[in-house]
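File shown: work-v4.txt (compact mmCIF, C-alpha atoms and all ligand atoms).
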```
# COMPACT_ATOMS: atom_id res chain seq x y z
CA MET A 1 227.61 -209.81 103.40
CA ARG A 2 225.56 -211.27 100.61
CA LYS A 3 226.19 -214.68 99.23
CA GLY A 4 227.09 -214.75 95.58
CA MET A 5 228.93 -211.49 95.68
CA SER A 6 231.08 -211.02 92.60
CA ALA A 7 234.83 -211.09 92.72
CA VAL A 8 234.87 -207.41 91.85
CA ALA A 9 232.66 -206.50 94.76
CA ALA A 10 234.65 -208.69 97.09
CA GLY A 11 237.80 -206.90 95.97
CA MET A 12 236.16 -203.60 96.69
CA ILE A 13 235.27 -204.67 100.19
CA LEU A 14 238.86 -205.70 100.76
CA ALA A 15 239.79 -202.23 99.62
CA PHE A 16 237.35 -200.73 102.15
CA ALA A 17 238.91 -202.84 104.88
CA CYS A 18 242.38 -201.68 103.97
CA THR A 19 241.41 -198.05 103.73
CA VAL A 20 243.00 -195.92 106.41
CA PHE A 21 240.53 -193.56 108.02
CA SER A 22 240.79 -191.99 111.40
CA ASN A 23 237.25 -192.68 112.61
CA ALA A 24 233.72 -192.85 111.34
CA ASP A 25 233.09 -189.12 111.49
CA THR A 26 236.22 -188.09 109.68
CA LYS A 27 236.87 -184.38 109.53
CA ALA A 28 238.39 -182.72 106.52
CA ASP A 29 240.64 -179.70 106.49
CA THR A 30 238.97 -176.42 107.14
CA LYS A 31 239.68 -173.77 104.57
CA GLN A 32 237.54 -170.98 105.99
CA ALA A 33 235.27 -171.08 108.94
CA ALA A 34 232.78 -168.30 108.52
CA PRO A 35 229.56 -168.91 106.66
CA SER A 36 228.30 -166.10 104.49
CA GLU A 37 225.27 -164.21 105.80
CA ASP A 38 224.39 -162.20 102.76
CA VAL A 39 220.96 -163.70 102.25
CA THR A 40 218.21 -161.56 103.66
CA GLU A 41 214.92 -162.64 102.18
CA ILE A 42 212.67 -165.41 103.44
CA SER A 43 210.13 -167.29 101.48
CA GLU A 44 209.89 -170.96 102.39
CA ALA A 45 210.32 -173.35 105.30
CA ALA A 46 213.16 -175.78 105.64
CA SER A 47 213.51 -179.44 104.80
CA THR A 48 211.47 -179.74 101.68
CA THR A 49 212.76 -181.04 98.42
CA VAL A 50 213.00 -178.15 96.03
CA GLU A 51 210.36 -178.39 93.35
CA THR A 52 211.12 -175.56 91.02
CA GLU A 53 207.71 -175.61 89.34
CA THR A 54 205.60 -175.52 92.46
CA GLU A 55 207.49 -173.52 95.07
CA GLU A 56 206.96 -169.80 95.41
CA SER A 57 210.11 -168.30 94.05
CA THR A 58 208.98 -165.48 91.88
CA ASP A 59 211.73 -162.94 92.44
CA ASP A 60 214.93 -164.88 92.90
CA GLU A 61 214.52 -165.05 96.65
CA PRO A 62 215.97 -168.04 98.44
CA LEU A 63 213.36 -170.62 99.30
CA ALA A 64 214.87 -171.28 102.71
CA GLU A 65 215.18 -168.54 105.29
CA SER A 66 218.73 -169.66 105.90
CA GLY A 67 219.90 -169.36 102.30
CA ILE A 68 221.20 -172.89 102.67
CA LEU A 69 220.69 -175.75 100.23
CA VAL A 70 221.46 -179.45 100.59
CA VAL A 71 222.29 -181.21 97.32
CA TYR A 72 222.59 -184.97 97.49
CA PHE A 73 222.66 -188.22 95.57
CA SER A 74 221.54 -191.47 97.16
CA ARG A 75 220.33 -194.93 96.17
CA THR A 76 217.70 -197.26 97.53
CA GLY A 77 217.41 -200.96 96.73
CA GLU A 78 220.07 -203.33 97.96
CA GLN A 79 222.97 -201.62 99.73
CA TYR A 80 226.06 -202.89 101.48
CA THR A 81 225.50 -204.17 105.07
CA VAL A 82 221.93 -202.88 105.27
CA GLY A 83 220.13 -205.05 102.71
CA GLU A 84 217.07 -203.65 100.93
CA ILE A 85 216.42 -200.07 101.93
CA GLU A 86 213.52 -197.80 101.11
CA LYS A 87 215.32 -194.57 101.87
CA GLY A 88 218.96 -194.14 100.89
CA ASN A 89 221.59 -193.72 103.59
CA THR A 90 222.75 -190.39 102.24
CA ALA A 91 219.16 -189.22 101.87
CA ILE A 92 218.63 -189.82 105.59
CA VAL A 93 221.65 -187.69 106.48
CA ALA A 94 220.67 -185.03 103.94
CA GLU A 95 217.26 -184.69 105.57
CA MET A 96 218.83 -184.38 109.01
CA ILE A 97 221.05 -181.57 107.74
CA GLY A 98 218.04 -179.92 106.15
CA GLU A 99 216.16 -180.00 109.42
CA GLU A 100 219.05 -178.78 111.54
CA ALA A 101 220.28 -176.06 109.20
CA GLY A 102 216.86 -174.96 108.00
CA ALA A 103 217.85 -175.77 104.44
CA ASP A 104 216.10 -176.72 101.24
CA LEU A 105 216.90 -180.05 99.63
CA PHE A 106 217.66 -180.95 96.04
CA GLU A 107 218.13 -184.60 95.14
CA ILE A 108 220.25 -185.47 92.13
CA LEU A 109 218.38 -188.17 90.24
CA PRO A 110 219.83 -189.91 87.20
CA ALA A 111 218.14 -188.79 83.97
CA ASP A 112 218.16 -192.29 82.61
CA ASP A 113 218.11 -194.43 85.72
CA HIS A 114 220.52 -197.06 84.53
CA TYR A 115 221.71 -197.92 88.06
CA PRO A 116 220.82 -201.50 89.07
CA MET A 117 218.95 -202.10 92.31
CA THR A 118 221.17 -205.02 93.30
CA TYR A 119 224.42 -204.27 95.04
CA ASP A 120 226.78 -206.43 92.98
CA GLU A 121 225.46 -205.09 89.69
CA LEU A 122 225.57 -201.53 90.95
CA THR A 123 229.22 -201.86 91.92
CA ASP A 124 230.01 -203.05 88.39
CA VAL A 125 228.22 -200.15 86.73
CA ALA A 126 229.79 -197.65 89.11
CA LYS A 127 233.26 -199.04 88.50
CA GLN A 128 232.79 -198.84 84.77
CA GLU A 129 231.65 -195.22 85.04
CA GLN A 130 234.66 -194.40 87.16
CA ASN A 131 237.06 -196.08 84.73
CA GLU A 132 235.53 -194.18 81.85
CA LYS A 133 235.32 -190.91 83.80
CA ALA A 134 231.69 -190.90 82.73
CA ARG A 135 229.48 -187.91 83.35
CA PRO A 136 225.98 -189.40 83.70
CA GLU A 137 223.20 -186.89 83.23
CA TYR A 138 220.83 -186.03 86.03
CA SER A 139 217.22 -185.06 85.68
CA GLY A 140 215.27 -182.13 86.97
CA GLU A 141 216.01 -178.47 87.14
CA VAL A 142 218.70 -177.35 89.54
CA PRO A 143 217.29 -174.67 91.83
CA ASP A 144 218.50 -171.13 91.33
CA LEU A 145 221.84 -171.43 93.10
CA SER A 146 222.24 -167.67 93.30
CA ALA A 147 219.59 -167.82 96.02
CA TYR A 148 221.88 -169.81 98.32
CA SER A 149 225.12 -168.79 100.02
CA THR A 150 225.94 -172.20 101.48
CA ILE A 151 225.47 -175.59 99.90
CA PHE A 152 225.92 -178.89 101.67
CA ILE A 153 226.78 -181.55 99.08
CA GLY A 154 226.57 -185.24 99.87
CA ALA A 155 226.77 -188.66 98.27
CA PRO A 156 227.72 -192.25 99.02
CA VAL A 157 231.37 -193.08 98.58
CA TRP A 158 231.62 -195.14 95.42
CA TRP A 159 234.93 -196.85 94.88
CA GLY A 160 236.74 -194.33 97.05
CA ASP A 161 235.37 -191.31 95.19
CA TRP A 162 232.28 -189.23 94.54
CA PRO A 163 229.87 -191.06 92.21
CA MET A 164 230.56 -189.79 88.69
CA ILE A 165 227.13 -188.17 88.47
CA MET A 166 228.27 -185.73 91.16
CA TYR A 167 231.07 -184.54 88.90
CA THR A 168 228.43 -183.87 86.27
CA PHE A 169 226.75 -181.58 88.79
CA PHE A 170 230.01 -179.89 89.83
CA GLU A 171 231.13 -179.26 86.27
CA GLU A 172 227.79 -178.11 84.93
CA ASN A 173 227.35 -175.70 87.83
CA GLU A 174 230.93 -174.64 88.48
CA GLU A 175 230.22 -171.02 87.63
CA GLU A 176 227.07 -170.88 89.77
CA LEU A 177 228.93 -172.53 92.65
CA SER A 178 231.83 -170.10 92.56
CA GLY A 179 232.03 -167.81 95.56
CA LYS A 180 229.77 -170.11 97.58
CA THR A 181 230.56 -172.02 100.73
CA LEU A 182 230.40 -175.74 99.98
CA ILE A 183 230.28 -178.39 102.70
CA PRO A 184 230.75 -182.03 101.71
CA PHE A 185 229.33 -185.06 103.45
CA SER A 186 229.51 -188.75 102.68
CA THR A 187 227.99 -192.00 103.73
CA HIS A 188 230.26 -195.00 103.44
CA GLU A 189 231.11 -198.39 104.92
CA GLY A 190 234.70 -197.86 105.91
CA SER A 191 236.30 -195.26 103.67
CA GLY A 192 235.22 -192.17 105.58
CA LEU A 193 235.15 -188.94 103.61
CA SER A 194 237.42 -190.40 100.89
CA GLY A 195 238.85 -187.03 99.95
CA PHE A 196 235.44 -185.61 99.06
CA ASP A 197 236.65 -182.24 100.32
CA SER A 198 239.82 -181.97 98.23
CA LYS A 199 238.07 -183.41 95.18
CA LEU A 200 235.28 -180.88 95.60
CA SER A 201 237.85 -178.09 95.92
CA SER A 202 239.54 -179.23 92.72
CA ALA A 203 236.24 -179.42 90.85
CA CYS A 204 235.08 -176.04 92.17
CA PRO A 205 238.28 -174.05 92.70
CA ASP A 206 236.47 -170.74 93.20
CA SER A 207 234.32 -172.03 96.04
CA THR A 208 235.18 -172.26 99.72
CA VAL A 209 235.06 -175.81 101.07
CA LEU A 210 234.49 -176.30 104.81
CA ASP A 211 234.88 -179.32 107.11
CA GLY A 212 233.10 -182.40 105.86
CA LEU A 213 231.26 -185.14 107.71
CA ALA A 214 231.40 -188.87 107.03
CA VAL A 215 228.68 -191.16 108.35
CA ARG A 216 228.49 -194.94 108.18
CA GLY A 217 225.61 -195.93 105.95
CA ASN A 218 224.58 -198.62 108.39
CA ASP A 219 224.42 -196.03 111.18
CA ALA A 220 222.29 -193.74 109.03
CA GLN A 221 219.77 -196.56 108.75
CA ASN A 222 220.01 -198.05 112.24
CA GLU A 223 221.54 -195.54 114.68
CA GLN A 224 219.67 -192.42 113.78
CA ASP A 225 219.71 -190.77 117.19
CA SER A 226 223.48 -190.84 117.40
CA VAL A 227 223.87 -189.82 113.76
CA ARG A 228 221.54 -186.90 114.34
CA ASP A 229 223.68 -185.85 117.32
CA SER A 230 226.81 -185.98 115.15
CA VAL A 231 225.14 -184.02 112.38
CA ASN A 232 223.88 -181.36 114.75
CA LYS A 233 227.26 -181.04 116.48
CA TRP A 234 229.05 -180.73 113.15
CA ILE A 235 226.67 -178.08 111.86
CA SER A 236 226.96 -176.16 115.09
CA GLU A 237 230.78 -176.31 114.99
CA LEU A 238 230.68 -174.98 111.46
CA GLY A 239 228.85 -171.97 112.84
CA TYR A 240 225.38 -172.61 111.43
C1 LIG B 301 228.98 -198.82 93.79
C2 LIG B 301 229.35 -198.76 95.23
C3 LIG B 301 230.64 -198.48 95.61
C4 LIG B 301 230.97 -198.34 96.96
N1 LIG B 301 232.25 -198.01 97.29
C5 LIG B 301 232.55 -197.82 98.59
C6 LIG B 301 233.86 -197.45 98.98
O1 LIG B 301 234.78 -197.29 98.15
N2 LIG B 301 234.10 -197.25 100.29
C7 LIG B 301 233.13 -197.41 101.24
O2 LIG B 301 233.42 -197.21 102.41
N3 LIG B 301 231.87 -197.76 100.90
C8 LIG B 301 231.56 -197.96 99.60
N4 LIG B 301 230.29 -198.30 99.26
C9 LIG B 301 229.24 -198.35 100.29
C10 LIG B 301 228.38 -197.07 100.24
O3 LIG B 301 229.20 -195.92 100.27
C11 LIG B 301 227.42 -197.01 101.42
O4 LIG B 301 226.65 -198.16 101.47
C12 LIG B 301 226.53 -195.79 101.34
O5 LIG B 301 226.03 -195.50 102.61
C13 LIG B 301 225.35 -195.94 100.37
O6 LIG B 301 224.60 -194.76 100.44
P1 LIG B 301 223.21 -194.53 99.71
O7 LIG B 301 222.20 -195.47 100.32
O8 LIG B 301 222.88 -193.11 99.99
O9 LIG B 301 223.40 -194.78 98.24
C14 LIG B 301 229.96 -198.50 97.93
C15 LIG B 301 228.66 -198.84 97.55
C16 LIG B 301 228.34 -198.96 96.21
C17 LIG B 301 226.94 -199.28 95.81
```

Starting from the file, lay out its structure as structure tokens.
Ligand SMILES: Cc1cc2nc3c(=O)[nH]c(=O)nc-3n(C[C@H](O)[C@H](O)[C@H](O)COP(=O)(O)O)c2cc1C
Amino acid sequence: MRKGMSAVAAGMILAFACTVFSNADTKADTKQAAPSEDVTEISEAASTTVETETEESTDDEPLAESGILVVYFSRTGEQYTVGEIEKGNTAIVAEMIGEEAGADLFEILPADDHYPMTYDELTDVAKQEQNEKARPEYSGEVPDLSAYSTIFIGAPVWWGDWPMIMYTFFEENEEELSGKTLIPFSTHEGSGLSGFDSKLSSACPDSTVLDGLAVRGNDAQNEQDSVRDSVNKWISELGY
């Protein structure tokens, strides 16, 4: 733990420690088990960040053969227990999912990147956004969601919840997400999935939400073989 951590951050860590979670790879309730298979066209390989301007997507075909997309938010800089990181914990897991499921990736990036790169300051900004129920804007063009039948959606747990910017994504795309299979995943340092599944269901009531996966951020950085095994097992159990 860093020296000089603010009282607010210290309180948050206490909250992590007190959080009841069954184990690191917490499973959420399954609502439906069968992934949709209504995507038939193939146009692009898996595991590439979707770049709407440059990818070949001329006739509304899915970019990935699988019809699966991974949407995620993740931060670099100073993070809890892992220090300075060059690739975000959630980004690492998102890429593993992309590789295993043969999915495209779309990273949610803040439009005005007001998030500090130091942990203590970031916790303050995140708390303020949560208190205000802020809806920070993200940049970039969301890929054509009609091209995907299943969307994995992941983020770090921030103060026991999705980061507020994820709600911006859910609300702005609620119509496009309706009828889709959504699969949440989190990285965290003690709080597990933090109700990502039920919160996603509430935000997108016309979507089907499947079992989620929670991964320790520290493991995503430092135990990648075992995290990859967990990711692959989870995806396989979901039927993908
Ligand atoms: C603002 C903020 C709030 C956090 N809140 C929690 C929390 O409530 N529970 C928890 O287990 N971890 C919490 N963490 C730890 C992150 O969830 C964890 O480090 C995560 O893996 C970071 O992922 P990223 O590198 O993809 O951003 C918090 C971290 C930050 C920066």

| request: Would you be able to write out as a ChimeraX atom specification which residues have an atom within 12 Å of (234.7, -186.8, 95.1) in the file's coordinates, counting all atoms listed in the file? | output: /A:130,153-170,184-186,192-204,212

Mind dumping a table of every chain A residue within 8 Å of ligand LIG 301 (chain B), with the nearest atom pair and its distance in Å to one decimal, using only C-alpha atoms and all ligand atoms, sorted by chain and rising number, as a Markdown table?
```
| residue | atom | partner | partner_atom | distance |
| --- | --- | --- | --- | --- |
| A:Met12 | CA | B:LIG301 | O1 | 6.6 |
| A:Ile13 | CA | B:LIG301 | C6 | 7.5 |
| A:Ala15 | CA | B:LIG301 | O1 | 7.2 |
| A:Phe16 | CA | B:LIG301 | N2 | 5.1 |
| A:Phe73 | CA | B:LIG301 | O8 | 6.6 |
| A:Ser74 | CA | B:LIG301 | O8 | 3.5 |
| A:Arg75 | CA | B:LIG301 | O9 | 3.7 |
| A:Thr76 | CA | B:LIG301 | O7 | 5.6 |
| A:Gln79 | CA | B:LIG301 | O4 | 5.3 |
| A:Tyr80 | CA | B:LIG301 | O4 | 4.8 |
| A:Thr81 | CA | B:LIG301 | O4 | 7.1 |
| A:Val82 | CA | B:LIG301 | O4 | 7.7 |
| A:Ile85 | CA | B:LIG301 | O7 | 7.6 |
| A:Lys87 | CA | B:LIG301 | O7 | 7.1 |
| A:Gly88 | CA | B:LIG301 | O7 | 3.5 |
| A:Asn89 | CA | B:LIG301 | O7 | 3.8 |
| A:Thr90 | CA | B:LIG301 | O8 | 3.5 |
| A:Ala91 | CA | B:LIG301 | O8 | 5.7 |
| A:Ile92 | CA | B:LIG301 | O8 | 7.8 |
| A:Tyr119 | CA | B:LIG301 | C17 | 5.6 |
| A:Asp120 | CA | B:LIG301 | C17 | 7.7 |
| A:Leu122 | CA | B:LIG301 | C1 | 5.2 |
| A:Thr123 | CA | B:LIG301 | C1 | 3.6 |
| A:Asp124 | CA | B:LIG301 | C1 | 6.9 |
| A:Val125 | CA | B:LIG301 | C1 | 7.2 |
| A:Ala126 | CA | B:LIG301 | C1 | 4.9 |
| A:Lys127 | CA | B:LIG301 | C1 | 6.8 |
| A:Ala155 | CA | B:LIG301 | O8 | 6.2 |
| A:Pro156 | CA | B:LIG301 | O3 | 4.1 |
| A:Val157 | CA | B:LIG301 | O3 | 4.0 |
| A:Trp158 | CA | B:LIG301 | N1 | 3.5 |
| A:Trp159 | CA | B:LIG301 | O1 | 3.3 |
| A:Gly160 | CA | B:LIG301 | O1 | 3.7 |
| A:Asp161 | CA | B:LIG301 | O1 | 6.7 |
| A:Pro163 | CA | B:LIG301 | C1 | 8.0 |
| A:Ser186 | CA | B:LIG301 | O3 | 7.6 |
| A:Thr187 | CA | B:LIG301 | O5 | 4.2 |
| A:His188 | CA | B:LIG301 | O3 | 3.5 |
| A:Glu189 | CA | B:LIG301 | O2 | 3.6 |
| A:Gly190 | CA | B:LIG301 | O2 | 3.8 |
| A:Ser191 | CA | B:LIG301 | O2 | 3.7 |
| A:Gly192 | CA | B:LIG301 | O2 | 6.2 |
| A:Ser194 | CA | B:LIG301 | N2 | 7.6 |
| A:Val215 | CA | B:LIG301 | O5 | 7.7 |
| A:Arg216 | CA | B:LIG301 | O5 | 6.1 |
| A:Gly217 | CA | B:LIG301 | O5 | 3.4 |
| A:Asn218 | CA | B:LIG301 | O5 | 6.7 |
| A:Ala220 | CA | B:LIG301 | O5 | 7.6 |
```

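Between atom CA of Tyr138 of chain A and atom CA of Leu177 of chain A there is a distance of 17.1 Å.
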
| remark: In Å and to one decimal, atom CA of Leu69 of chain A is distant from atom CA of Asp104 of chain A by 4.8 Å

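The coordinates place atom CA of Ala214 of chain A at 24.0 Å from atom CA of Pro136 of chain A.
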
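Distances here use only C-alpha atoms; by that measure, the residue among A:Glu171, A:Glu107, A:Glu65, A:Glu121 closest to Gly140 of chain A is A:Glu107.
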
| Nearest candidate to Leu238 of chain A (options A:Met117, A:Val70, A:Ala101, A:Val93; using all atoms listed in the file) |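 Result for the nearest residue to Leu238 of chain A: A:Ala101.
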
| note | Closest of A:Thr208, A:Asn131, A:Ile151, A:Glu137 to Ile97 of chain A, counting all atoms listed in the file, is A:Ile151
